[in-house]
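One structure is given below, encoded as structure tokens.
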Amino acid sequence: MPGAIYAEGLVKTFGDVTALDGVDLDVPEGTVLGLLGPNGAGKTTTVRVLTTLLQPDRGKAVVADIDVLKHPNEVRRSIGLSGQFAAVDEYLTGRENLQMVGQLYQMNGKAAKARAGELLDRFNLADAADRPAKTYSGGMRRRLDLAAALVVSPPVMFMDEPTTGLDPRNRQQLWEVIQELVAGGTTLLLTTQYLEEADRLAHDICVVDHGKVIARGSSDQLKARTGGERVEVVVHQSDQIAPAREVLAGFGKGEVKVEEHTRQLTVPVAGGAKLLAEVIRELDTRGVEIDDIGLRRPTLDDVFISLTGHAAEIPKEEEEDPADAHGRSKGHKEAAK
């Protein structure tokens with residue numbers, strides 16, 4: 001059985017640019033899929049196809065057991081969407097924005113008002129609830145947009161780089177909200193360039209590049225592909241690099257890499273903390289003075305670099321994939337139709 005979000009062979013082109021080149025996804029109900037990739041990789045285009053805001057050239061997509069291409073209106077009634085750009089009416093107050101979304105989803109006035117109050121409290125917007133949204137800071141608008149996506153507690157959520165522009169405190173708060181939603185059974189597709197975010201929230205991760213899925217698996221599985229543990233040593237003086245290299249070569253499972261200008265040596269190992277203690281003893285026996293030593297496990301940053309050839313970029317809204325040139329997300333008004 002396909003998951004709550006399923007895509008097969010999605011293709012989307014914009015002129016000579018292929019934004020999606022056969023994307024396959026399968027997200028089980030009640031889980032989080034993290035969609036990672038550099039700017040222009042196709043993350044936002046994927047979200048827009050799955051949320052009915054773009055028609056694919058080829059392929060199949062099913063969300064909440066509904067065919068996206070055959071029954072787009074039914075899909076919209078079953079999902080929540082928070083796009084890269086805050087889709088709020090700047091002339092309405094925060095409270096009015098949330099009440100309007102509730103009414104678009106055919107909630108009665110009393111229920112929409114109550115739900116708006118709950119979300120304003122949850123996202124620390126209660127003090128600004130009755131101010132026009134145009135007076136909000138960028139981070140406040142972002143939080144209001146996220147609140148609007150949660151008005152009807154949809155079974156399937158799409159969040160396209162949801163924490164871009166949020167400070168660490170509000171980012172942490174949103175992570176807690178996401179974890180609560182998923183614990184309650186919500187299925188979430190999350191695009192992000194904050195690798196810590198994917199590590200923290202996603203049950204599974206797909207890495208996309210040039211419109212293709214180039215790797216998938218859990219965070220631990222992807223890290224295992226990159227390689228195991230490594231010992232990193234920074235020696236006190238440059239003339240101690242050579243003896244330190246000899247020591248590490250005796251314990252390592254591969255080539256010892258040396259960065260002369262930082263006096264850092266790195267070698268892949270197996271054995272964990274026990275081996276690290278042995279390395280420290282041997283360096284001391286050889287009279288090698290060290291400034292720093294540690295056992296390092298691969299991170300998602302390492303995975304990203306190994307798969308795409310460069311580090312993840314700080315999210316820049318204006319540099320997303322080609323779908324942006326064809327209009328920003330129509331936001332919650334469109335999703336509620």
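Ligands are numbered from 1 in the order shown, residues from 1 within each chain, and chains are lettered A, B, ... in the order they appear in the structure tokens.
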Give me, as CSV, the closest atom pair and its distance (Å, one decimal) for every residue of segment 169-261 of chain A within a cut-off of 7 Å of segment 148-162 of chain A, counting only C-alpha atoms, rows sorted by chain and rising number.
```
residue,atom,partner,partner_atom,distance
A:Thr186,CA,A:Pro155,CA,4.8
A:Thr187,CA,A:Val156,CA,4.8
A:Leu188,CA,A:Met157,CA,4.7
A:Leu189,CA,A:Phe158,CA,5.0
A:Leu190,CA,A:Met159,CA,4.9
A:Thr191,CA,A:Asp160,CA,4.9
A:Thr192,CA,A:Glu161,CA,4.6
```
Checklist line | Spatial neighbours of Lys60 of chain A, 8 Å, only C-alpha atoms, chain gap at least 4 places, as a list in words | finding: Ala7, Glu8, Gly9, Leu10, Asp67, Val68 and Leu69 of chain A
Taking the DSSP assignment computed from this structure's backbone, write out as an mmCIF file with all heavy atoms, in the first residue's frame all residues of segment 214-317 of chain A that belong to strand (DSSP E or B).
```cif
data_model
loop_
_atom_site.group_PDB
_atom_site.id
_atom_site.type_symbol
_atom_site.label_atom_id
_atom_site.label_comp_id
_atom_site.auth_asym_id
_atom_site.auth_seq_id
_atom_site.Cartn_x
_atom_site.Cartn_y
_atom_site.Cartn_z
ATOM 1 N N ILE A 214 18.708 11.392 -5.328
ATOM 2 C CA ILE A 214 20.013 10.746 -5.455
ATOM 3 C C ILE A 214 20.350 9.877 -4.253
ATOM 4 O O ILE A 214 21.324 9.111 -4.298
ATOM 5 C CB ILE A 214 21.124 11.790 -5.683
ATOM 6 C CG1 ILE A 214 21.189 12.793 -4.529
ATOM 7 C CG2 ILE A 214 20.921 12.507 -7.017
ATOM 8 C CD1 ILE A 214 22.382 13.749 -4.642
ATOM 9 N N ALA A 215 19.574 9.987 -3.177
ATOM 10 C CA ALA A 215 19.783 9.122 -2.013
ATOM 11 C C ALA A 215 18.544 9.186 -1.140
ATOM 12 O O ALA A 215 17.849 10.200 -1.099
ATOM 13 C CB ALA A 215 21.011 9.557 -1.223
ATOM 14 N N ARG A 216 18.267 8.097 -0.452
ATOM 15 C CA ARG A 216 17.150 8.081 0.487
ATOM 16 C C ARG A 216 17.460 7.097 1.603
ATOM 17 O O ARG A 216 18.252 6.168 1.449
ATOM 18 C CB ARG A 216 15.843 7.730 -0.213
ATOM 19 C CG ARG A 216 15.734 6.313 -0.672
ATOM 20 C CD ARG A 216 14.409 6.086 -1.396
ATOM 21 N NE ARG A 216 14.408 6.727 -2.702
ATOM 22 C CZ ARG A 216 13.315 7.110 -3.351
ATOM 23 N NH1 ARG A 216 12.144 6.956 -2.792
ATOM 24 N NH2 ARG A 216 13.396 7.654 -4.532
ATOM 25 N N GLY A 217 16.834 7.327 2.757
ATOM 26 C CA GLY A 217 17.041 6.461 3.915
ATOM 27 C C GLY A 217 16.909 7.266 5.193
ATOM 28 O O GLY A 217 16.677 8.477 5.162
ATOM 29 N N ARG A 230 35.615 8.776 12.904
ATOM 30 C CA ARG A 230 36.946 9.297 12.615
ATOM 31 C C ARG A 230 37.549 9.887 13.867
ATOM 32 O O ARG A 230 36.835 10.480 14.682
ATOM 33 C CB ARG A 230 36.872 10.392 11.542
ATOM 34 C CG ARG A 230 36.625 9.874 10.143
ATOM 35 C CD ARG A 230 36.142 10.968 9.237
ATOM 36 N NE ARG A 230 34.724 11.231 9.509
ATOM 37 C CZ ARG A 230 34.045 12.195 8.933
ATOM 38 N NH1 ARG A 230 34.630 13.002 8.092
ATOM 39 N NH2 ARG A 230 32.767 12.368 9.210
ATOM 40 N N VAL A 231 38.840 9.709 14.009
ATOM 41 C CA VAL A 231 39.573 10.405 15.058
ATOM 42 C C VAL A 231 40.202 11.650 14.445
ATOM 43 O O VAL A 231 40.844 11.575 13.385
ATOM 44 C CB VAL A 231 40.665 9.517 15.688
ATOM 45 C CG1 VAL A 231 41.611 10.350 16.564
ATOM 46 C CG2 VAL A 231 40.036 8.411 16.518
ATOM 47 N N GLU A 232 39.985 12.778 15.101
ATOM 48 C CA GLU A 232 40.578 14.038 14.658
ATOM 49 C C GLU A 232 41.524 14.535 15.756
ATOM 50 O O GLU A 232 41.148 14.585 16.930
ATOM 51 C CB GLU A 232 39.503 15.087 14.383
ATOM 52 C CG GLU A 232 38.642 14.768 13.185
ATOM 53 C CD GLU A 232 37.643 15.868 12.861
ATOM 54 O OE1 GLU A 232 37.504 16.801 13.700
ATOM 55 O OE2 GLU A 232 37.010 15.807 11.799
ATOM 56 N N VAL A 233 42.726 14.886 15.353
ATOM 57 C CA VAL A 233 43.741 15.347 16.291
ATOM 58 C C VAL A 233 44.320 16.665 15.789
ATOM 59 O O VAL A 233 44.603 16.806 14.588
ATOM 60 C CB VAL A 233 44.891 14.319 16.434
ATOM 61 C CG1 VAL A 233 45.987 14.854 17.356
ATOM 62 C CG2 VAL A 233 44.368 12.992 16.943
ATOM 63 N N VAL A 234 44.476 17.627 16.686
ATOM 64 C CA VAL A 234 45.194 18.862 16.382
ATOM 65 C C VAL A 234 46.436 18.886 17.262
ATOM 66 O O VAL A 234 46.338 18.905 18.497
ATOM 67 C CB VAL A 234 44.334 20.114 16.655
ATOM 68 C CG1 VAL A 234 45.142 21.378 16.366
ATOM 69 C CG2 VAL A 234 43.069 20.088 15.815
ATOM 70 N N VAL A 235 47.599 18.821 16.630
ATOM 71 C CA VAL A 235 48.855 18.806 17.395
ATOM 72 C C VAL A 235 49.277 20.235 17.725
ATOM 73 O O VAL A 235 48.871 21.200 17.069
ATOM 74 C CB VAL A 235 49.972 18.071 16.636
ATOM 75 C CG1 VAL A 235 49.584 16.615 16.402
ATOM 76 C CG2 VAL A 235 50.280 18.752 15.307
ATOM 77 N N LYS A 257 44.515 11.830 6.791
ATOM 78 C CA LYS A 257 44.486 13.105 6.080
ATOM 79 C C LYS A 257 45.074 14.191 6.974
ATOM 80 O O LYS A 257 44.757 14.261 8.159
ATOM 81 C CB LYS A 257 43.062 13.463 5.672
ATOM 82 C CG LYS A 257 42.454 12.489 4.665
ATOM 83 C CD LYS A 257 41.064 12.918 4.237
ATOM 84 C CE LYS A 257 40.482 11.944 3.220
ATOM 85 N NZ LYS A 257 39.121 12.339 2.798
ATOM 86 N N VAL A 258 45.902 15.034 6.374
ATOM 87 C CA VAL A 258 46.600 16.065 7.138
ATOM 88 C C VAL A 258 46.303 17.435 6.550
ATOM 89 O O VAL A 258 46.379 17.623 5.327
ATOM 90 C CB VAL A 258 48.127 15.826 7.127
ATOM 91 C CG1 VAL A 258 48.845 16.942 7.888
ATOM 92 C CG2 VAL A 258 48.467 14.468 7.722
ATOM 93 N N GLU A 259 45.930 18.375 7.415
ATOM 94 C CA GLU A 259 45.805 19.781 7.026
ATOM 95 C C GLU A 259 46.942 20.532 7.709
ATOM 96 O O GLU A 259 46.877 20.812 8.906
ATOM 97 C CB GLU A 259 44.448 20.341 7.455
ATOM 98 C CG GLU A 259 43.273 19.685 6.746
ATOM 99 C CD GLU A 259 41.935 20.281 7.167
ATOM 100 O OE1 GLU A 259 41.944 21.339 7.850
ATOM 101 O OE2 GLU A 259 40.894 19.701 6.821
ATOM 102 N N GLN A 264 45.902 19.723 11.761
ATOM 103 C CA GLN A 264 44.873 18.726 12.070
ATOM 104 C C GLN A 264 45.079 17.456 11.264
ATOM 105 O O GLN A 264 45.346 17.505 10.055
ATOM 106 C CB GLN A 264 43.481 19.286 11.782
ATOM 107 C CG GLN A 264 42.358 18.268 12.050
ATOM 108 C CD GLN A 264 40.984 18.872 11.897
ATOM 109 O OE1 GLN A 264 40.604 19.766 12.646
ATOM 110 N NE2 GLN A 264 40.215 18.393 10.921
ATOM 111 N N LEU A 265 44.948 16.317 11.920
ATOM 112 C CA LEU A 265 45.040 15.008 11.275
ATOM 113 C C LEU A 265 43.734 14.266 11.509
ATOM 114 O O LEU A 265 43.166 14.306 12.602
ATOM 115 C CB LEU A 265 46.199 14.191 11.848
ATOM 116 C CG LEU A 265 47.607 14.788 11.735
ATOM 117 C CD1 LEU A 265 47.935 15.628 12.956
ATOM 118 C CD2 LEU A 265 48.654 13.694 11.554
ATOM 119 N N THR A 266 43.272 13.563 10.475
ATOM 120 C CA THR A 266 42.013 12.834 10.560
ATOM 121 C C THR A 266 42.202 11.448 9.962
ATOM 122 O O THR A 266 42.812 11.300 8.898
ATOM 123 C CB THR A 266 40.898 13.562 9.786
ATOM 124 O OG1 THR A 266 40.791 14.902 10.273
ATOM 125 C CG2 THR A 266 39.559 12.855 9.961
ATOM 126 N N VAL A 267 41.637 10.429 10.651
ATOM 127 C CA VAL A 267 41.736 9.070 10.128
ATOM 128 C C VAL A 267 40.453 8.315 10.467
ATOM 129 O O VAL A 267 39.905 8.468 11.562
ATOM 130 C CB VAL A 267 42.962 8.333 10.720
ATOM 131 C CG1 VAL A 267 42.800 8.106 12.218
ATOM 132 C CG2 VAL A 267 43.209 7.015 9.997
ATOM 133 N N PRO A 268 39.918 7.524 9.514
ATOM 134 C CA PRO A 268 38.754 6.680 9.830
ATOM 135 C C PRO A 268 39.154 5.549 10.767
ATOM 136 O O PRO A 268 40.254 4.980 10.634
ATOM 137 C CB PRO A 268 38.319 6.147 8.463
ATOM 138 C CG PRO A 268 39.509 6.273 7.580
ATOM 139 C CD PRO A 268 40.300 7.434 8.092
ATOM 140 N N ILE A 290 49.164 17.612 22.162
ATOM 141 C CA ILE A 290 47.984 17.901 21.345
ATOM 142 C C ILE A 290 47.191 19.062 21.941
ATOM 143 O O ILE A 290 47.150 19.251 23.149
ATOM 144 C CB ILE A 290 47.074 16.665 21.200
ATOM 145 C CG1 ILE A 290 46.585 16.170 22.567
ATOM 146 C CG2 ILE A 290 47.789 15.558 20.444
ATOM 147 C CD1 ILE A 290 45.590 15.030 22.482
ATOM 148 N N ASP A 291 46.590 19.835 21.034
ATOM 149 C CA ASP A 291 45.689 20.907 21.453
ATOM 150 C C ASP A 291 44.242 20.421 21.520
ATOM 151 O O ASP A 291 43.444 20.944 22.304
ATOM 152 C CB ASP A 291 45.770 22.090 20.478
ATOM 153 C CG ASP A 291 47.078 22.848 20.586
ATOM 154 O OD1 ASP A 291 47.777 22.685 21.606
ATOM 155 O OD2 ASP A 291 47.407 23.598 19.639
ATOM 156 N N ASP A 292 43.913 19.420 20.695
ATOM 157 C CA ASP A 292 42.540 18.928 20.671
ATOM 158 C C ASP A 292 42.528 17.531 20.091
ATOM 159 O O ASP A 292 43.345 17.189 19.219
ATOM 160 C CB ASP A 292 41.657 19.857 19.825
ATOM 161 C CG ASP A 292 40.182 19.546 19.962
ATOM 162 O OD1 ASP A 292 39.793 19.004 21.013
ATOM 163 O OD2 ASP A 292 39.419 19.860 19.035
ATOM 164 N N ILE A 293 41.590 16.713 20.585
ATOM 165 C CA ILE A 293 41.394 15.378 20.026
ATOM 166 C C ILE A 293 39.946 14.984 20.242
ATOM 167 O O ILE A 293 39.325 15.369 21.239
ATOM 168 C CB ILE A 293 42.346 14.338 20.667
ATOM 169 C CG1 ILE A 293 42.220 12.991 19.934
ATOM 170 C CG2 ILE A 293 42.058 14.175 22.158
ATOM 171 C CD1 ILE A 293 43.311 11.991 20.322
ATOM 172 N N GLY A 294 39.369 14.265 19.288
ATOM 173 C CA GLY A 294 37.992 13.857 19.438
ATOM 174 C C GLY A 294 37.621 12.741 18.491
ATOM 175 O O GLY A 294 38.302 12.497 17.486
ATOM 176 N N LEU A 295 36.543 12.054 18.849
ATOM 177 C CA LEU A 295 35.968 11.008 18.010
ATOM 178 C C LEU A 295 34.754 11.610 17.328
ATOM 179 O O LEU A 295 33.822 12.063 17.993
ATOM 180 C CB LEU A 295 35.562 9.806 18.864
ATOM 181 C CG LEU A 295 35.022 8.590 18.120
ATOM 182 C CD1 LEU A 295 36.126 7.929 17.297
ATOM 183 C CD2 LEU A 295 34.416 7.600 19.114
ATOM 184 N N ARG A 296 34.770 11.652 16.029
ATOM 185 C CA ARG A 296 33.706 12.317 15.278
ATOM 186 C C ARG A 296 32.939 11.320 14.449
ATOM 187 O O ARG A 296 33.528 10.500 13.740
ATOM 188 C CB ARG A 296 34.296 13.399 14.373
ATOM 189 C CG ARG A 296 33.245 14.209 13.651
ATOM 190 C CD ARG A 296 33.858 15.329 12.851
ATOM 191 N NE ARG A 296 32.825 16.061 12.136
ATOM 192 C CZ ARG A 296 32.902 16.419 10.867
ATOM 193 N NH1 ARG A 296 33.977 16.117 10.162
ATOM 194 N NH2 ARG A 296 31.937 17.081 10.288
#
```
Next item on the list: Tell me, as a list of chain:residue names, which residues lie within 10 Å of Lys212 of chain A, counting only C-alpha atoms; anything in the same chain fewer than 6 positions away does not count.
Entry: A:Gly9, A:Leu10, A:Val11, A:Thr18, A:Ala19, A:Leu20, A:Asp21, A:Gly22, A:Val23, A:Asp24, A:Gly37, A:Ala41, A:Gly42, A:Lys43, A:Cys206
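Between Gly271 of chain A and the residues A:Glu229, A:Ala128, A:Val208, A:Glu96, the shortest atom-to-atom distance, using only C-alpha atoms, involves A:Glu229.
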Notebook entry, point to check: If you count only C-alpha atoms, which residues fall within 7 Å of Gly165 of chain A, apart from same-chain ones fewer than 2 positions away, as a PyMOL selection string?
Noted result: chain A and resi 139+163+167
Note to self: Rounded to one decimal, what separation in Å do you get between atom CA of Gln173 of chain A and atom CA of Arg48 of chain A?
What the structure shows: 25.6 Å
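Counting from atom CA of Ala224 of chain A, the distance to atom CA of Leu201 of chain A is 18.5 Å.
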